[in-house]
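As provided, data_28.cif (mmCIF, C-alpha atoms and all ligand atoms) reads as follows.
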data_model
loop_
_atom_site.label_atom_id
_atom_site.label_comp_id
_atom_site.auth_asym_id
_atom_site.auth_seq_id
_atom_site.Cartn_x
_atom_site.Cartn_y
_atom_site.Cartn_z
CA MET Q 1 30.22 -19.37 12.21
CA THR Q 2 28.87 -16.78 9.83
CA ALA Q 3 25.93 -18.05 7.82
CA HIS Q 4 26.18 -18.08 4.04
CA PRO Q 5 23.85 -15.40 2.63
CA ALA Q 6 21.73 -18.16 1.10
CA GLU Q 7 21.20 -19.67 4.55
CA ARG Q 8 20.39 -16.33 6.11
CA SER Q 9 17.75 -15.77 3.45
CA GLY Q 10 15.91 -18.86 4.68
CA ASP Q 11 15.84 -20.27 1.15
CA PRO Q 12 17.95 -23.47 1.04
CA PHE Q 13 18.01 -23.30 -2.78
CA ALA Q 14 19.04 -19.66 -2.99
CA SER Q 15 22.70 -20.45 -3.72
CA LEU Q 16 21.65 -22.79 -6.54
CA THR Q 17 19.31 -20.15 -7.89
CA GLY Q 18 22.22 -17.70 -7.86
CA GLN Q 19 24.20 -20.12 -10.04
CA GLY Q 20 21.38 -20.25 -12.54
CA LEU Q 21 20.41 -23.86 -11.79
CA PHE Q 22 16.96 -22.73 -10.67
CA PRO Q 23 16.27 -19.42 -12.38
CA PRO Q 24 13.97 -17.22 -10.32
CA ALA Q 25 10.29 -17.61 -11.20
CA ARG Q 26 9.17 -14.96 -13.68
CA LYS Q 27 6.88 -12.47 -12.07
CA ARG Q 28 3.48 -12.15 -13.67
CA PRO Q 29 2.58 -8.75 -15.14
CA VAL Q 30 0.00 -6.86 -13.13
CA ARG Q 31 -2.96 -4.85 -14.34
CA MET Q 32 -4.37 -1.81 -12.53
CA ARG Q 33 -8.15 -1.94 -12.18
CA GLY Q 34 -11.03 -0.93 -9.97
CA VAL Q 35 -12.78 -3.38 -7.66
CA THR Q 36 -16.10 -5.13 -7.48
CA GLU Q 37 -17.85 -6.71 -4.54
CA ALA Q 38 -16.51 -10.09 -5.69
CA ASP Q 39 -12.94 -8.87 -5.03
CA LEU Q 40 -13.52 -8.25 -1.32
CA PRO Q 41 -12.40 -11.67 0.01
CA GLU Q 42 -9.15 -11.53 -2.01
CA LEU Q 43 -8.62 -7.88 -1.06
CA HIS Q 44 -9.08 -8.86 2.60
CA ARG Q 45 -6.47 -11.61 2.18
CA LEU Q 46 -3.99 -9.15 0.66
CA ASP Q 47 -4.68 -6.52 3.33
CA ARG Q 48 -4.00 -9.09 6.09
CA GLU Q 49 -0.83 -10.25 4.33
CA VAL Q 50 0.46 -6.69 4.06
CA PHE Q 51 -0.77 -5.11 7.29
CA GLN Q 52 -1.12 -8.18 9.53
CA GLU Q 53 -2.48 -7.22 12.96
CA VAL Q 54 -3.48 -3.74 11.80
CA ALA Q 55 -5.37 -4.96 8.70
CA TYR Q 56 -8.97 -3.84 8.36
CA PRO Q 57 -11.55 -6.23 9.77
CA TYR Q 58 -13.70 -7.57 6.92
CA PHE Q 59 -16.74 -5.53 7.97
CA MET Q 60 -14.70 -2.31 7.86
CA LEU Q 61 -13.24 -3.13 4.45
CA ARG Q 62 -16.76 -3.84 3.24
CA GLN Q 63 -18.03 -0.45 4.43
CA LEU Q 64 -15.00 1.37 3.02
CA PHE Q 65 -15.80 -0.30 -0.31
CA ASP Q 66 -19.43 0.84 0.02
CA MET Q 67 -18.32 4.43 0.53
CA TYR Q 68 -15.17 4.74 -1.57
CA ALA Q 69 -15.25 2.13 -4.37
CA ASP Q 70 -14.44 4.93 -6.85
CA HIS Q 71 -11.18 5.49 -4.99
CA LEU Q 72 -10.09 1.89 -4.59
CA PHE Q 73 -7.65 0.35 -7.08
CA VAL Q 74 -5.91 -2.99 -7.16
CA LEU Q 75 -3.03 -4.55 -9.07
CA ASP Q 76 -4.16 -7.91 -10.39
CA ASP Q 77 -1.77 -10.50 -11.86
CA GLY Q 78 -4.61 -12.73 -13.03
CA GLU Q 79 -4.19 -15.13 -10.13
CA ALA Q 80 -4.03 -12.87 -7.09
CA LEU Q 81 -4.13 -9.24 -6.07
CA GLN Q 82 -0.61 -7.91 -5.55
CA GLY Q 83 -1.32 -4.38 -4.34
CA TYR Q 84 -4.05 -1.93 -3.51
CA VAL Q 85 -4.67 1.69 -2.74
CA LEU Q 86 -7.72 3.23 -1.07
CA ALA Q 87 -8.65 6.85 -0.50
CA GLY Q 88 -11.59 8.49 1.19
CA THR Q 89 -12.81 12.01 0.57
CA VAL Q 90 -14.43 14.57 2.80
CA LEU Q 91 -15.33 18.12 1.80
CA GLY Q 92 -12.78 18.37 -1.02
CA THR Q 93 -9.97 16.74 0.94
CA GLY Q 94 -8.77 13.26 0.08
CA TRP Q 95 -7.22 10.87 2.60
CA VAL Q 96 -5.07 7.96 1.47
CA LEU Q 97 -6.37 5.31 3.87
CA GLY Q 98 -4.43 2.31 2.65
CA LEU Q 99 -1.60 1.53 0.24
CA GLY Q 100 0.20 -1.79 0.21
CA VAL Q 101 2.10 -4.15 -2.07
CA ALA Q 102 2.55 -7.90 -1.55
CA ARG Q 103 5.94 -8.52 0.05
CA GLU Q 104 7.40 -10.49 -2.87
CA ARG Q 105 6.39 -7.77 -5.35
CA ARG Q 106 7.95 -4.79 -3.56
CA GLY Q 107 10.68 -2.71 -5.17
CA GLU Q 108 9.22 -3.05 -8.69
CA GLY Q 109 7.57 0.36 -8.84
CA LEU Q 110 4.10 -0.97 -7.98
CA GLY Q 111 3.66 1.25 -4.92
CA ARG Q 112 4.43 4.30 -7.03
CA ARG Q 113 1.99 3.16 -9.74
CA LEU Q 114 -0.75 2.85 -7.13
CA MET Q 115 0.01 6.28 -5.71
CA LEU Q 116 0.02 7.92 -9.16
CA GLU Q 117 -3.31 6.27 -9.99
CA ILE Q 118 -5.08 7.42 -6.83
CA LEU Q 119 -3.73 10.96 -7.19
CA ARG Q 120 -4.92 11.04 -10.82
CA GLN Q 121 -8.40 9.88 -9.81
CA LEU Q 122 -8.66 12.29 -6.88
CA ARG Q 123 -7.59 15.20 -9.09
CA ASN Q 124 -10.19 14.21 -11.72
CA ASP Q 125 -12.81 14.22 -8.98
CA GLY Q 126 -11.99 17.78 -7.98
CA VAL Q 127 -10.00 17.00 -4.85
CA ARG Q 128 -7.37 19.67 -4.33
CA GLU Q 129 -5.69 18.53 -1.11
CA VAL Q 130 -4.63 15.00 -0.14
CA ARG Q 131 -3.54 13.90 3.30
CA LEU Q 132 -2.21 10.70 4.78
CA THR Q 133 -0.63 9.42 7.95
CA VAL Q 134 2.34 7.09 8.21
CA ASP Q 135 4.30 5.38 10.95
CA PRO Q 136 7.33 7.67 11.50
CA THR Q 137 9.62 4.60 11.33
CA ASN Q 138 8.27 3.38 7.97
CA ALA Q 139 11.19 4.56 5.83
CA ALA Q 140 10.03 2.93 2.58
CA ALA Q 141 6.56 4.49 2.71
CA ILE Q 142 7.88 7.89 3.76
CA ALA Q 143 10.37 7.88 0.87
CA LEU Q 144 7.57 6.99 -1.55
CA TYR Q 145 5.30 9.72 -0.20
CA LYS Q 146 7.94 12.44 -0.13
CA SER Q 147 9.12 11.61 -3.64
CA SER Q 148 5.45 11.82 -4.72
CA GLY Q 149 5.34 15.39 -3.43
CA PHE Q 150 3.91 14.94 0.06
CA ALA Q 151 5.31 17.16 2.79
CA PRO Q 152 4.64 17.53 6.52
CA ALA Q 153 1.16 18.94 7.13
CA ALA Q 154 2.48 21.32 9.77
CA ALA Q 155 5.55 23.50 10.20
CA ASP Q 156 6.55 21.41 13.23
CA GLY Q 157 7.30 18.42 10.96
CA GLY Q 158 3.87 16.80 11.11
CA LEU Q 159 4.62 14.31 13.89
CA ARG Q 160 1.49 13.65 15.96
CA ARG Q 161 2.16 11.68 19.12
CA ASN Q 162 -0.41 9.05 20.18
CA TYR Q 163 -2.45 9.82 17.03
CA PHE Q 164 -3.70 6.21 16.84
CA GLY Q 165 -3.74 5.69 20.61
CA PRO Q 166 -1.07 5.43 23.30
CA GLY Q 167 2.37 4.98 21.76
CA GLU Q 168 1.00 4.93 18.19
CA HIS Q 169 2.63 8.03 16.74
CA ARG Q 170 1.96 9.10 13.14
CA LEU Q 171 3.45 11.52 10.70
CA VAL Q 172 0.76 13.55 8.92
CA LEU Q 173 1.70 14.48 5.36
CA GLU Q 174 -0.18 16.47 2.74
CA LEU Q 175 -0.06 17.29 -0.95
CA SER Q 176 -1.80 20.02 -2.93
CA LEU Q 177 -3.03 18.76 -6.29
C1 LIG U 201 5.51 1.24 1.09
C2 LIG U 201 5.24 0.27 -0.06
C3 LIG U 201 3.79 0.42 -0.51
C4 LIG U 201 6.17 0.62 -1.22
O1 LIG U 201 5.80 -0.20 -2.32
P1 LIG U 201 6.86 -0.65 -3.43
O2 LIG U 201 6.08 -1.23 -4.55
O3 LIG U 201 7.92 -1.49 -2.82
O4 LIG U 201 7.47 0.75 -3.83
P2 LIG U 201 8.11 1.15 -5.25
O5 LIG U 201 8.88 0.01 -5.77
O6 LIG U 201 7.05 1.72 -6.11
O7 LIG U 201 9.12 2.28 -4.81
C5 LIG U 201 8.67 3.63 -4.76
C6 LIG U 201 9.58 4.43 -3.87
O8 LIG U 201 9.44 3.99 -2.52
C7 LIG U 201 10.67 4.11 -1.85
N1 LIG U 201 11.06 2.80 -1.37
C8 LIG U 201 10.54 1.60 -1.73
N2 LIG U 201 11.10 0.61 -1.02
C9 LIG U 201 12.00 1.20 -0.21
C10 LIG U 201 12.89 0.71 0.78
N3 LIG U 201 12.97 -0.59 1.08
N4 LIG U 201 13.66 1.62 1.47
C11 LIG U 201 13.59 2.93 1.18
N5 LIG U 201 12.75 3.45 0.25
C12 LIG U 201 11.98 2.59 -0.43
C13 LIG U 201 11.65 4.68 -2.83
O9 LIG U 201 11.61 6.10 -2.72
C14 LIG U 201 11.05 4.26 -4.16
O10 LIG U 201 11.41 5.10 -5.20
P3 LIG U 201 12.69 4.75 -6.11
O11 LIG U 201 12.48 3.35 -6.60
O12 LIG U 201 12.62 5.78 -7.19
O13 LIG U 201 13.87 4.88 -5.21
C15 LIG U 201 5.54 -1.20 0.37
O14 LIG U 201 6.82 -1.22 0.98
C16 LIG U 201 4.54 -1.80 1.32
O15 LIG U 201 3.50 -2.32 0.91
N6 LIG U 201 4.83 -1.73 2.63
C17 LIG U 201 3.96 -2.32 3.66
C18 LIG U 201 2.67 -1.55 3.78
C19 LIG U 201 2.92 -0.10 4.15
O16 LIG U 201 3.77 0.21 4.98
N7 LIG U 201 2.14 0.79 3.53
C20 LIG U 201 2.18 2.20 3.82
C21 LIG U 201 1.30 2.46 4.99
S1 LIG U 201 1.25 4.19 5.40
#
Can you dump the structure from the file as structure tokens?
Amino acid sequence: MTAHPAERSGDPFASLTGQGLFPPARKRPVRMRGVTEADLPELHRLDREVFQEVAYPYFMLRQLFDMYADHLFVLDDGEALQGYVLAGTVLGTGWVLGLGVARERRGEGLGRRLMLEILRQLRNDGVREVRLTVDPTNAAAIALYKSSGFAPAAADGGLRRNYFGPGEHRLVLELSL
């Protein structure tokens, strides 16, 4: 038997919600801001929620904060962090090292807001070239990056096999600011 869409969604109340009996919870507005040391535990929670087994270990997140706090922005709804972006810089080149949005807040334009904010900050700081790598199968992220102006960093399409170790291919994209 084919499952009703509400059953497939895993939410037993979804069909009732659709009829307006349980209107969907209103999403809290988010505010873009920089981070302080006190945000690190919550940022670590969000990073693990978004990136799971490839999330930064706490010690690495801590050291990235130490080095790049000026290029680390979060979206805060007053109760929890719902997204973050982090970039590092080296010799006038910026690298977007992390960009993620909480699963239930995706598709609202938050990823684009984070990208615009980090590009604005990098440009203000004199960075003229920004690079990033992305899993070649990550269609959502690739669409966001390409529509933000990123293009393959090499004429061959930018695919780098085993970039993050055996079988971990990455697409390298770049943008001139
Ligand atoms: C990639 C990610 C940050 C996008 O965040 P988001 O808040 O959902 O994105 P937005 O709502 O701002 O959408 C921006 C653009 O992304 C693209 N996009 C977003 N979701 C998409 C999807 N499911 N399929 C295809 N494209 C998608 C679209 O181009 C969209 O622009 P549009 O709305 O004008 O069509 C989010 O999916 C995420 O956190 N993914 C897991 C972590 C990750 O993969 N990070 C990137 C690591 S390199």
>> Neighbouring residues of Met32 in chain Q were defined as those with any atom within 7 Å, considering only C-alpha atoms; residues of the same chain fewer than 5 positions away were excluded. Please report them as an MDAnalysis selection string.
In response: chainID Q and resid 73:76
> CA of Ile142 in chain Q to atom O8 of ligand LIG 201 (chain U): how many Å, to one decimal?
Replying inline: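 Distance reported for this atom pair: 7.6 Å.
Among the candidates Q:Arg26, Q:Arg160, Q:His71, Q:Arg106, the one nearest to Asp135 in chain Q when counting only C-alpha atoms is Q:Arg160.
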>> From (6.9, -9.0, 4.3), in the file's coordinates, out to 10 Å: which residues are reached, counting all atoms listed in the file? Answer as an MDAnalysis selection string.
In response: chainID Q and resid 49:52 101:106
Enumerate, in order of chain and increasing residue number, the residues of range 93-133 of chain Q with an atom no farther than 12 Å from range 144-152 of chain Q, each with its shortest atom pair and distance in Å to one decimal, counting all atoms listed in the file, as a tab-separated table.
residue	atom	partner	partner_atom	distance
Q:Val96	CA	Q:Tyr145	CA	10.7
Q:Leu99	CA	Q:Tyr145	CA	10.7
Q:Gly100	CA	Q:Leu144	CA	11.6
Q:Arg106	CA	Q:Leu144	CA	12.0
Q:Gly107	CA	Q:Leu144	CA	10.8
Q:Gly109	CA	Q:Leu144	CA	9.9
Q:Leu110	CA	Q:Leu144	CA	10.8
Q:Gly111	CA	Q:Leu144	CA	7.7
Q:Arg112	CA	Q:Leu144	CA	6.9
Q:Arg113	CA	Q:Ser148	CA	10.6
Q:Leu114	CA	Q:Leu144	CA	10.8
Q:Met115	CA	Q:Ser148	CA	7.8
Q:Leu116	CA	Q:Ser148	CA	8.0
Q:Glu117	CA	Q:Ser148	CA	11.6
Q:Ile118	CA	Q:Ser148	CA	11.6
Q:Leu119	CA	Q:Ser148	CA	9.5
Q:Glu129	CA	Q:Phe150	CA	10.3
Q:Val130	CA	Q:Phe150	CA	8.5
Q:Arg131	CA	Q:Phe150	CA	8.2
Q:Leu132	CA	Q:Phe150	CA	8.8
Q:Thr133	CA	Q:Pro152	CA	9.8
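Using all atoms listed in the file, the shortest contact distance between Leu175 in chain Q and any of Q:Leu86, Q:Asp125, Q:Ala154, Q:Ala55 is found at Q:Ala154.
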For range 45-56 of chain Q, supply all heavy atoms and format the output as a PDB file, in the frame of the given file.
ATOM      1  N   ARG Q  45      -7.659 -10.759   2.037  1.00  0.00           N
ATOM      2  CA  ARG Q  45      -6.470 -11.610   2.180  1.00  0.00           C
ATOM      3  C   ARG Q  45      -5.199 -10.790   1.998  1.00  0.00           C
ATOM      4  O   ARG Q  45      -4.261 -10.868   2.802  1.00  0.00           O
ATOM      5  CB  ARG Q  45      -6.509 -12.757   1.154  1.00  0.00           C
ATOM      6  CG  ARG Q  45      -5.319 -13.715   1.266  1.00  0.00           C
ATOM      7  CD  ARG Q  45      -4.991 -14.413  -0.033  1.00  0.00           C
ATOM      8  NE  ARG Q  45      -4.653 -13.523  -1.144  1.00  0.00           N
ATOM      9  CZ  ARG Q  45      -3.492 -12.875  -1.270  1.00  0.00           C
ATOM     10  NH1 ARG Q  45      -2.546 -13.010  -0.362  1.00  0.00           N
ATOM     11  NH2 ARG Q  45      -3.269 -12.081  -2.306  1.00  0.00           N
ATOM     12  N   LEU Q  46      -5.174  -9.975   0.929  1.00  0.00           N
ATOM     13  CA  LEU Q  46      -3.990  -9.150   0.660  1.00  0.00           C
ATOM     14  C   LEU Q  46      -3.753  -8.158   1.795  1.00  0.00           C
ATOM     15  O   LEU Q  46      -2.615  -7.974   2.253  1.00  0.00           O
ATOM     16  CB  LEU Q  46      -4.178  -8.399  -0.668  1.00  0.00           C
ATOM     17  CG  LEU Q  46      -3.074  -7.382  -1.009  1.00  0.00           C
ATOM     18  CD1 LEU Q  46      -1.734  -8.086  -1.261  1.00  0.00           C
ATOM     19  CD2 LEU Q  46      -3.476  -6.548  -2.225  1.00  0.00           C
ATOM     20  N   ASP Q  47      -4.809  -7.524   2.267  1.00  0.00           N
ATOM     21  CA  ASP Q  47      -4.680  -6.520   3.330  1.00  0.00           C
ATOM     22  C   ASP Q  47      -4.092  -7.170   4.587  1.00  0.00           C
ATOM     23  O   ASP Q  47      -3.226  -6.592   5.247  1.00  0.00           O
ATOM     24  CB  ASP Q  47      -6.064  -5.926   3.616  1.00  0.00           C
ATOM     25  CG  ASP Q  47      -5.981  -4.682   4.484  1.00  0.00           C
ATOM     26  OD1 ASP Q  47      -5.120  -3.823   4.229  1.00  0.00           O
ATOM     27  OD2 ASP Q  47      -6.780  -4.571   5.432  1.00  0.00           O
ATOM     28  N   ARG Q  48      -4.542  -8.393   4.900  1.00  0.00           N
ATOM     29  CA  ARG Q  48      -4.000  -9.090   6.090  1.00  0.00           C
ATOM     30  C   ARG Q  48      -2.557  -9.481   5.864  1.00  0.00           C
ATOM     31  O   ARG Q  48      -1.746  -9.420   6.778  1.00  0.00           O
ATOM     32  CB  ARG Q  48      -4.858 -10.309   6.420  1.00  0.00           C
ATOM     33  CG  ARG Q  48      -6.129  -9.929   7.179  1.00  0.00           C
ATOM     34  CD  ARG Q  48      -6.914 -11.164   7.541  1.00  0.00           C
ATOM     35  NE  ARG Q  48      -7.285 -11.863   6.317  1.00  0.00           N
ATOM     36  CZ  ARG Q  48      -7.644 -13.132   6.254  1.00  0.00           C
ATOM     37  NH1 ARG Q  48      -7.691 -13.865   7.345  1.00  0.00           N
ATOM     38  NH2 ARG Q  48      -7.986 -13.683   5.111  1.00  0.00           N
ATOM     39  N   GLU Q  49      -2.227  -9.890   4.619  1.00  0.00           N
ATOM     40  CA  GLU Q  49      -0.830 -10.250   4.330  1.00  0.00           C
ATOM     41  C   GLU Q  49       0.081  -9.034   4.508  1.00  0.00           C
ATOM     42  O   GLU Q  49       1.162  -9.137   5.094  1.00  0.00           O
ATOM     43  CB  GLU Q  49      -0.715 -10.772   2.887  1.00  0.00           C
ATOM     44  CG  GLU Q  49       0.711 -11.163   2.501  1.00  0.00           C
ATOM     45  CD  GLU Q  49       0.911 -11.292   0.995  1.00  0.00           C
ATOM     46  OE1 GLU Q  49       0.056 -11.894   0.329  1.00  0.00           O
ATOM     47  OE2 GLU Q  49       1.936 -10.786   0.502  1.00  0.00           O
ATOM     48  N   VAL Q  50      -0.382  -7.887   4.031  1.00  0.00           N
ATOM     49  CA  VAL Q  50       0.460  -6.690   4.060  1.00  0.00           C
ATOM     50  C   VAL Q  50       0.486  -6.049   5.452  1.00  0.00           C
ATOM     51  O   VAL Q  50       1.550  -5.696   5.960  1.00  0.00           O
ATOM     52  CB  VAL Q  50      -0.023  -5.663   3.005  1.00  0.00           C
ATOM     53  CG1 VAL Q  50       0.702  -4.334   3.162  1.00  0.00           C
ATOM     54  CG2 VAL Q  50       0.164  -6.207   1.591  1.00  0.00           C
ATOM     55  N   PHE Q  51      -0.692  -5.901   6.055  1.00  0.00           N
ATOM     56  CA  PHE Q  51      -0.770  -5.110   7.290  1.00  0.00           C
ATOM     57  C   PHE Q  51      -0.921  -5.940   8.563  1.00  0.00           C
ATOM     58  O   PHE Q  51      -0.933  -5.382   9.660  1.00  0.00           O
ATOM     59  CB  PHE Q  51      -1.912  -4.087   7.179  1.00  0.00           C
ATOM     60  CG  PHE Q  51      -1.609  -2.989   6.199  1.00  0.00           C
ATOM     61  CD1 PHE Q  51      -2.179  -2.977   4.936  1.00  0.00           C
ATOM     62  CD2 PHE Q  51      -0.718  -1.975   6.530  1.00  0.00           C
ATOM     63  CE1 PHE Q  51      -1.891  -1.975   4.021  1.00  0.00           C
ATOM     64  CE2 PHE Q  51      -0.414  -0.967   5.620  1.00  0.00           C
ATOM     65  CZ  PHE Q  51      -1.003  -0.969   4.365  1.00  0.00           C
ATOM     66  N   GLN Q  52      -1.069  -7.254   8.394  1.00  0.00           N
ATOM     67  CA  GLN Q  52      -1.120  -8.180   9.530  1.00  0.00           C
ATOM     68  C   GLN Q  52      -2.069  -7.710  10.626  1.00  0.00           C
ATOM     69  O   GLN Q  52      -3.242  -7.526  10.358  1.00  0.00           O
ATOM     70  CB  GLN Q  52       0.313  -8.421  10.007  1.00  0.00           C
ATOM     71  CG  GLN Q  52       1.136  -9.037   8.867  1.00  0.00           C
ATOM     72  CD  GLN Q  52       2.585  -9.213   9.188  1.00  0.00           C
ATOM     73  OE1 GLN Q  52       3.001  -9.226  10.328  1.00  0.00           O
ATOM     74  NE2 GLN Q  52       3.380  -9.349   8.152  1.00  0.00           N
ATOM     75  N   GLU Q  53      -1.562  -7.478  11.845  1.00  0.00           N
ATOM     76  CA  GLU Q  53      -2.480  -7.220  12.960  1.00  0.00           C
ATOM     77  C   GLU Q  53      -3.208  -5.884  12.851  1.00  0.00           C
ATOM     78  O   GLU Q  53      -4.176  -5.659  13.576  1.00  0.00           O
ATOM     79  CB  GLU Q  53      -1.754  -7.334  14.320  1.00  0.00           C
ATOM     80  CG  GLU Q  53      -0.742  -6.245  14.646  1.00  0.00           C
ATOM     81  CD  GLU Q  53       0.608  -6.458  13.962  1.00  0.00           C
ATOM     82  OE1 GLU Q  53       0.760  -7.453  13.223  1.00  0.00           O
ATOM     83  OE2 GLU Q  53       1.491  -5.606  14.165  1.00  0.00           O
ATOM     84  N   VAL Q  54      -2.753  -5.008  11.956  1.00  0.00           N
ATOM     85  CA  VAL Q  54      -3.480  -3.740  11.800  1.00  0.00           C
ATOM     86  C   VAL Q  54      -4.297  -3.711  10.494  1.00  0.00           C
ATOM     87  O   VAL Q  54      -4.733  -2.652  10.050  1.00  0.00           O
ATOM     88  CB  VAL Q  54      -2.550  -2.512  11.897  1.00  0.00           C
ATOM     89  CG1 VAL Q  54      -1.990  -2.376  13.296  1.00  0.00           C
ATOM     90  CG2 VAL Q  54      -1.425  -2.574  10.858  1.00  0.00           C
ATOM     91  N   ALA Q  55      -4.509  -4.886   9.906  1.00  0.00           N
ATOM     92  CA  ALA Q  55      -5.370  -4.960   8.700  1.00  0.00           C
ATOM     93  C   ALA Q  55      -6.801  -4.593   9.094  1.00  0.00           C
ATOM     94  O   ALA Q  55      -7.209  -4.741  10.248  1.00  0.00           O
ATOM     95  CB  ALA Q  55      -5.328  -6.365   8.125  1.00  0.00           C
ATOM     96  N   TYR Q  56      -7.559  -4.132   8.105  1.00  0.00           N
ATOM     97  CA  TYR Q  56      -8.970  -3.840   8.360  1.00  0.00           C
ATOM     98  C   TYR Q  56      -9.731  -5.132   8.636  1.00  0.00           C
ATOM     99  O   TYR Q  56      -9.566  -6.118   7.916  1.00  0.00           O
ATOM    100  CB  TYR Q  56      -9.619  -3.176   7.140  1.00  0.00           C
ATOM    101  CG  TYR Q  56      -9.138  -1.777   6.867  1.00  0.00           C
ATOM    102  CD1 TYR Q  56      -8.506  -1.467   5.664  1.00  0.00           C
ATOM    103  CD2 TYR Q  56      -9.331  -0.761   7.790  1.00  0.00           C
ATOM    104  CE1 TYR Q  56      -8.069  -0.177   5.392  1.00  0.00           C
ATOM    105  CE2 TYR Q  56      -8.897   0.534   7.523  1.00  0.00           C
ATOM    106  CZ  TYR Q  56      -8.265   0.818   6.326  1.00  0.00           C
ATOM    107  OH  TYR Q  56      -7.832   2.085   6.063  1.00  0.00           O
TER     108      TYR Q  56
END
